[in-house]
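J.: Could you have a look at this structure, given as structure tokens, before my questions?
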Amino acid sequence: MRYVIFAAAAGAVVAAAIYAVSFSGRAPVSAQDFVNLQQGSRLQAGFRRAHAKGFCISGEFQSSGALAAYSSAQVLQSGSYPFIGRISIAGNNPSAPDLKAPVRSLALTILPDSPQQWRTAMNTPPVLAVATPEKFYQQLLAIQNSTVPEFFAAHPEAQNFINWRNSYQPSQSFATERYHSINAFYLINAQGQQQAVRWAALPLTDDVGQITDAEATDALQQEFLSRLQQGPVRFDLQFTLATANDNPADATIPWPDTNPQLIAGTIVIEQASLQDAGACNAINFDPLVLPAGFAPSDDPILRARAAAYAESHRRRAREVLMQQVTGGANE
Ligand code: HEM
């Protein structure tokens, strides 16, 4: 497995050290706690501890400039910007069957070679079941212990997530899903004004796709790769603006459809490659790697994510390095 340790990872490790001790709430949970739980008892050396199965994509983000008045970020000024991305499914198993995954994901780093780069990792649900890292940890425990109904019964704030889950119909293609930032962020313009936002990638194709072998572990990956041979796959990147009624720190509550919505541009996916040979594998899609013109909201889940991703990245980078140095002899 080829691997490059990105300089940005060092910053993320610092973030892990800072945020692991600063979670708010009753029982603090560290990045190590999260990653220990997520990796489970069967270690998959060299792989992400969550969203272990995926593949790399690349292409360009064609920015409309519609958000330029809200943010000084280069990616939101009109123009075309390259990206490296990753499409994945949730879970810690790098060979899990695509069609059984409860969550599908799209991660991007736009302008990857620039200090103006923007990283985002988006999932299919539009909201979370719970609003704090501690409760998220308890939810992961409930999933592992098969006690999710009891967990949801004790957490009425999960109702919006449950409603989404009950109405969600998984599609036949990664190209026809909607992927959400879930957590909110701020855009900041040249005058220093802030606007809370969420965003979502919305599919631009009517072609629902066809799974040729539903038993295949890689059914969705195969569908996407053959679709890409016919031409690029496109998504609109839609930003929803918060109003005074919305709480950017609480990812359990959907924002009304009546909020202003602007299309920031189009994500044009042009190429894909297997992850162990692809440029995305070494990237930690930390949601707090933000360019000037973006800032995190006060949502505590965001800090927990940054810390946990850094810990997962640290572990997998070390494992890959050890495999290279020792040929796996010390693993
Ligand atoms: C406290 C809550 C969360 C924790 C602890 C967590 C943990 C993790 C970890 C450890 C990884 C692997 C990182 C790596 O090794 O590169 C990961 C990947 C990922 N997470 Fe989360 N996550 C959380 C919430 C979320 C949310 C809310 C979203 C969606 C908005 C999300 C989307 C993703 C995606 C898309 C990836 C894969 C990125 C890639 O392709 O590399 N996660 N998560």
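Each chain of the structure tokens is named A, B, ... in the order shown, its residues numbered from 1; ligands are numbered from 1 in display order.
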Skipping near chain neighbours, those fewer than 3 positions away, what residues fall within 12 Å of Ala216 in chain A using only C-alpha atoms, listed as a list in words?
T.: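 These residues fall inside the cut-off: Ser95, Ala96, Pro97, Asp98, Leu99, Lys100, Ile211, Thr212, Asp213, Ala219, Leu220, Gln221, Gln222 and Glu223 of chain A.
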J.: Convert the current residue selection to file output with C-alpha atoms, as a PDB file, in the first residue's frame.
T.:
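See out00.pdb below for the written result:
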```
ATOM      1  CA  SER A  95     -14.329  -5.699   2.628  1.00  0.00           C
ATOM      2  CA  ALA A  96     -17.911  -5.134   3.826  1.00  0.00           C
ATOM      3  CA  PRO A  97     -20.719  -5.638   1.266  1.00  0.00           C
ATOM      4  CA  ASP A  98     -21.583  -2.240  -0.240  1.00  0.00           C
ATOM      5  CA  LEU A  99     -25.334  -2.830  -0.341  1.00  0.00           C
ATOM      6  CA  LYS A 100     -25.616  -3.673   3.372  1.00  0.00           C
ATOM      7  CA  ILE A 211     -26.545  -3.305 -10.102  1.00  0.00           C
ATOM      8  CA  THR A 212     -25.332  -6.187 -12.260  1.00  0.00           C
ATOM      9  CA  ASP A 213     -24.557  -8.530  -9.348  1.00  0.00           C
ATOM     10  CA  ALA A 219     -21.660  -3.919  -6.176  1.00  0.00           C
ATOM     11  CA  LEU A 220     -21.890  -0.135  -5.743  1.00  0.00           C
ATOM     12  CA  GLN A 221     -18.237   0.438  -6.519  1.00  0.00           C
ATOM     13  CA  GLN A 222     -18.539  -1.552  -9.757  1.00  0.00           C
ATOM     14  CA  GLU A 223     -21.653   0.394 -10.729  1.00  0.00           C
TER      15      GLU A 223
END
```
J.: Tell me, as a PyMOL selection string, which residues lie within 10 Å of Ser105 in chain A, counting only C-alpha atoms; anything in the same chain fewer than 2 positions away does not count.
T.: chain A and resi 51+54+86-90+103+107+121-125+174+177-180
J.: Keeping only N, CA and C atoms, write the selected residues as a PDB file, in the first residue's frame.
T.:
```pdb
ATOM      1  N   HIS A  51     -15.437   4.045   8.133  1.00  0.00           N
ATOM      2  CA  HIS A  51     -15.467   4.227   6.674  1.00  0.00           C
ATOM      3  C   HIS A  51     -14.240   3.568   6.029  1.00  0.00           C
ATOM      4  N   GLY A  54     -13.694   2.073   0.769  1.00  0.00           N
ATOM      5  CA  GLY A  54     -14.009   3.174  -0.132  1.00  0.00           C
ATOM      6  C   GLY A  54     -13.061   3.179  -1.314  1.00  0.00           C
ATOM      7  N   ARG A  86     -13.110  10.931  -1.875  1.00  0.00           N
ATOM      8  CA  ARG A  86     -13.250   9.511  -1.539  1.00  0.00           C
ATOM      9  C   ARG A  86     -14.722   9.201  -1.336  1.00  0.00           C
ATOM     10  N   ILE A  87     -15.175   8.123  -1.939  1.00  0.00           N
ATOM     11  CA  ILE A  87     -16.535   7.624  -1.730  1.00  0.00           C
ATOM     12  C   ILE A  87     -16.404   6.381  -0.859  1.00  0.00           C
ATOM     13  N   SER A  88     -17.230   6.298   0.184  1.00  0.00           N
ATOM     14  CA  SER A  88     -17.044   5.208   1.138  1.00  0.00           C
ATOM     15  C   SER A  88     -18.373   4.751   1.719  1.00  0.00           C
ATOM     16  N   ILE A  89     -18.297   3.650   2.476  1.00  0.00           N
ATOM     17  CA  ILE A  89     -19.441   3.226   3.288  1.00  0.00           C
ATOM     18  C   ILE A  89     -19.000   3.218   4.750  1.00  0.00           C
ATOM     19  N   ALA A  90     -19.965   3.407   5.651  1.00  0.00           N
ATOM     20  CA  ALA A  90     -19.641   3.439   7.076  1.00  0.00           C
ATOM     21  C   ALA A  90     -19.226   2.048   7.545  1.00  0.00           C
ATOM     22  N   VAL A 103     -24.960   3.634   5.853  1.00  0.00           N
ATOM     23  CA  VAL A 103     -24.595   5.016   5.517  1.00  0.00           C
ATOM     24  C   VAL A 103     -23.585   4.999   4.381  1.00  0.00           C
ATOM     25  N   ALA A 107     -16.414  12.336   0.518  1.00  0.00           N
ATOM     26  CA  ALA A 107     -15.454  13.249   1.141  1.00  0.00           C
ATOM     27  C   ALA A 107     -14.668  13.949   0.036  1.00  0.00           C
ATOM     28  N   ALA A 121     -16.317  16.057   4.772  1.00  0.00           N
ATOM     29  CA  ALA A 121     -16.733  14.646   4.738  1.00  0.00           C
ATOM     30  C   ALA A 121     -18.233  14.621   5.000  1.00  0.00           C
ATOM     31  N   MET A 122     -18.986  14.113   4.032  1.00  0.00           N
ATOM     32  CA  MET A 122     -20.455  14.173   4.091  1.00  0.00           C
ATOM     33  C   MET A 122     -21.050  12.767   4.112  1.00  0.00           C
ATOM     34  N   ASN A 123     -22.175  12.641   4.804  1.00  0.00           N
ATOM     35  CA  ASN A 123     -22.873  11.355   4.915  1.00  0.00           C
ATOM     36  C   ASN A 123     -24.291  11.468   4.378  1.00  0.00           C
ATOM     37  N   THR A 124     -24.918  10.314   4.136  1.00  0.00           N
ATOM     38  CA  THR A 124     -26.293  10.328   3.616  1.00  0.00           C
ATOM     39  C   THR A 124     -27.343  10.875   4.600  1.00  0.00           C
ATOM     40  N   PRO A 125     -27.276  10.620   5.911  1.00  0.00           N
ATOM     41  CA  PRO A 125     -28.312  11.219   6.769  1.00  0.00           C
ATOM     42  C   PRO A 125     -28.155  12.745   6.843  1.00  0.00           C
ATOM     43  N   PHE A 174     -23.960   5.112  -5.938  1.00  0.00           N
ATOM     44  CA  PHE A 174     -23.369   6.222  -5.174  1.00  0.00           C
ATOM     45  C   PHE A 174     -23.656   7.552  -5.863  1.00  0.00           C
ATOM     46  N   GLU A 177     -27.146   9.420  -4.607  1.00  0.00           N
ATOM     47  CA  GLU A 177     -27.424   9.713  -3.200  1.00  0.00           C
ATOM     48  C   GLU A 177     -27.272  11.212  -2.928  1.00  0.00           C
ATOM     49  N   ARG A 178     -27.842  11.643  -1.822  1.00  0.00           N
ATOM     50  CA  ARG A 178     -27.628  13.006  -1.322  1.00  0.00           C
ATOM     51  C   ARG A 178     -26.698  12.893  -0.117  1.00  0.00           C
ATOM     52  N   TYR A 179     -25.654  13.702  -0.107  1.00  0.00           N
ATOM     53  CA  TYR A 179     -24.655  13.634   0.966  1.00  0.00           C
ATOM     54  C   TYR A 179     -24.652  14.960   1.725  1.00  0.00           C
ATOM     55  N   HIS A 180     -24.704  14.880   3.068  1.00  0.00           N
ATOM     56  CA  HIS A 180     -24.909  16.086   3.894  1.00  0.00           C
ATOM     57  C   HIS A 180     -23.717  16.387   4.806  1.00  0.00           C
TER      58      HIS A 180
END
```
J.: Pick out the residues sitting within 6 Å of range 59-76 of chain A, and hand them over as a list in words; count only C-alpha atoms, and ignore anything fewer than 4 positions along from it in its own chain.
T.: Ser80, Tyr81, Pro82, Phe83, Leu187, Ile188, Asn189, Ala190, Ala264, Gly265, Thr266, Ile267, Val268, Ile269, Glu270, Ala292 and Gly293 of chain A
J.: Which residues, written as a ChimeraX atom specification, have at least one atom at most 10 Å from range 127-144 of chain A, with only C-alpha atoms counted and residues fewer than 2 positions away on the same chain left out?
T.: /A:23-31,33-34,37-38,40,123-125,146-152,155-162,164,180-183,249-255,299-305
J.: Just want the 10 Å neighbourhood of Leu228 in chain A, counted on only C-alpha atoms, with same-chain residues fewer than 2 positions away dropped. Output as a list in words.
T.: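 Everything that qualifies: Ala175, Gln222, Glu223, Phe224, Leu225, Ser226, Gln230, Gly231, Pro232, Val233, Ile269, Glu270, Gln271 and Ala272 of chain A.
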J.: So that I can check the surroundings of Arg318 in chain A, please list as a list in words every protein, DNA and RNA residue that reaches within 9 Å of it, counting only C-alpha atoms and ignoring chain neighbours fewer than 5 positions away.
T.: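 Here the qualifying residues turn out to be Gly46, His313 and Gln323 of chain A.
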J.: Just give me the gap between CA of Gly278 in chain A and CA of Phe185 in chain A in Å, one decimal is fine.
T.: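 Separation between CA of Gly278 in chain A and CA of Phe185 in chain A: 28.8 Å.
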J.: Give the answer as one residue: which of A:Gln261, A:Thr205, A:Ser312, A:Asn166 has the shortest atom-to-atom distance to ligand 1, using only C-alpha atoms and all ligand atoms?
T.: A:Ser312
J.: Could you check which of A:Pro287, A:Gly79, A:Pro256, A:Gly209 is closest to ligand 1, using only C-alpha atoms and all ligand atoms?
T.: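 Looking only at the distances to ligand 1, the closest residue turns out to be A:Pro287.
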J.: Could you name the residues that touch Tyr186 in chain A at 8 Å or less, counting only C-alpha atoms, but leaving out those on the same chain fewer than 4 positions away, as a list of chain:residue names?
T.: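 Neighbouring residues, sequence-local ones excluded: A:Gln194, A:Gln195, A:Ala196, A:Val197, A:Phe294, A:Ala295, A:Pro296, A:Ser297.
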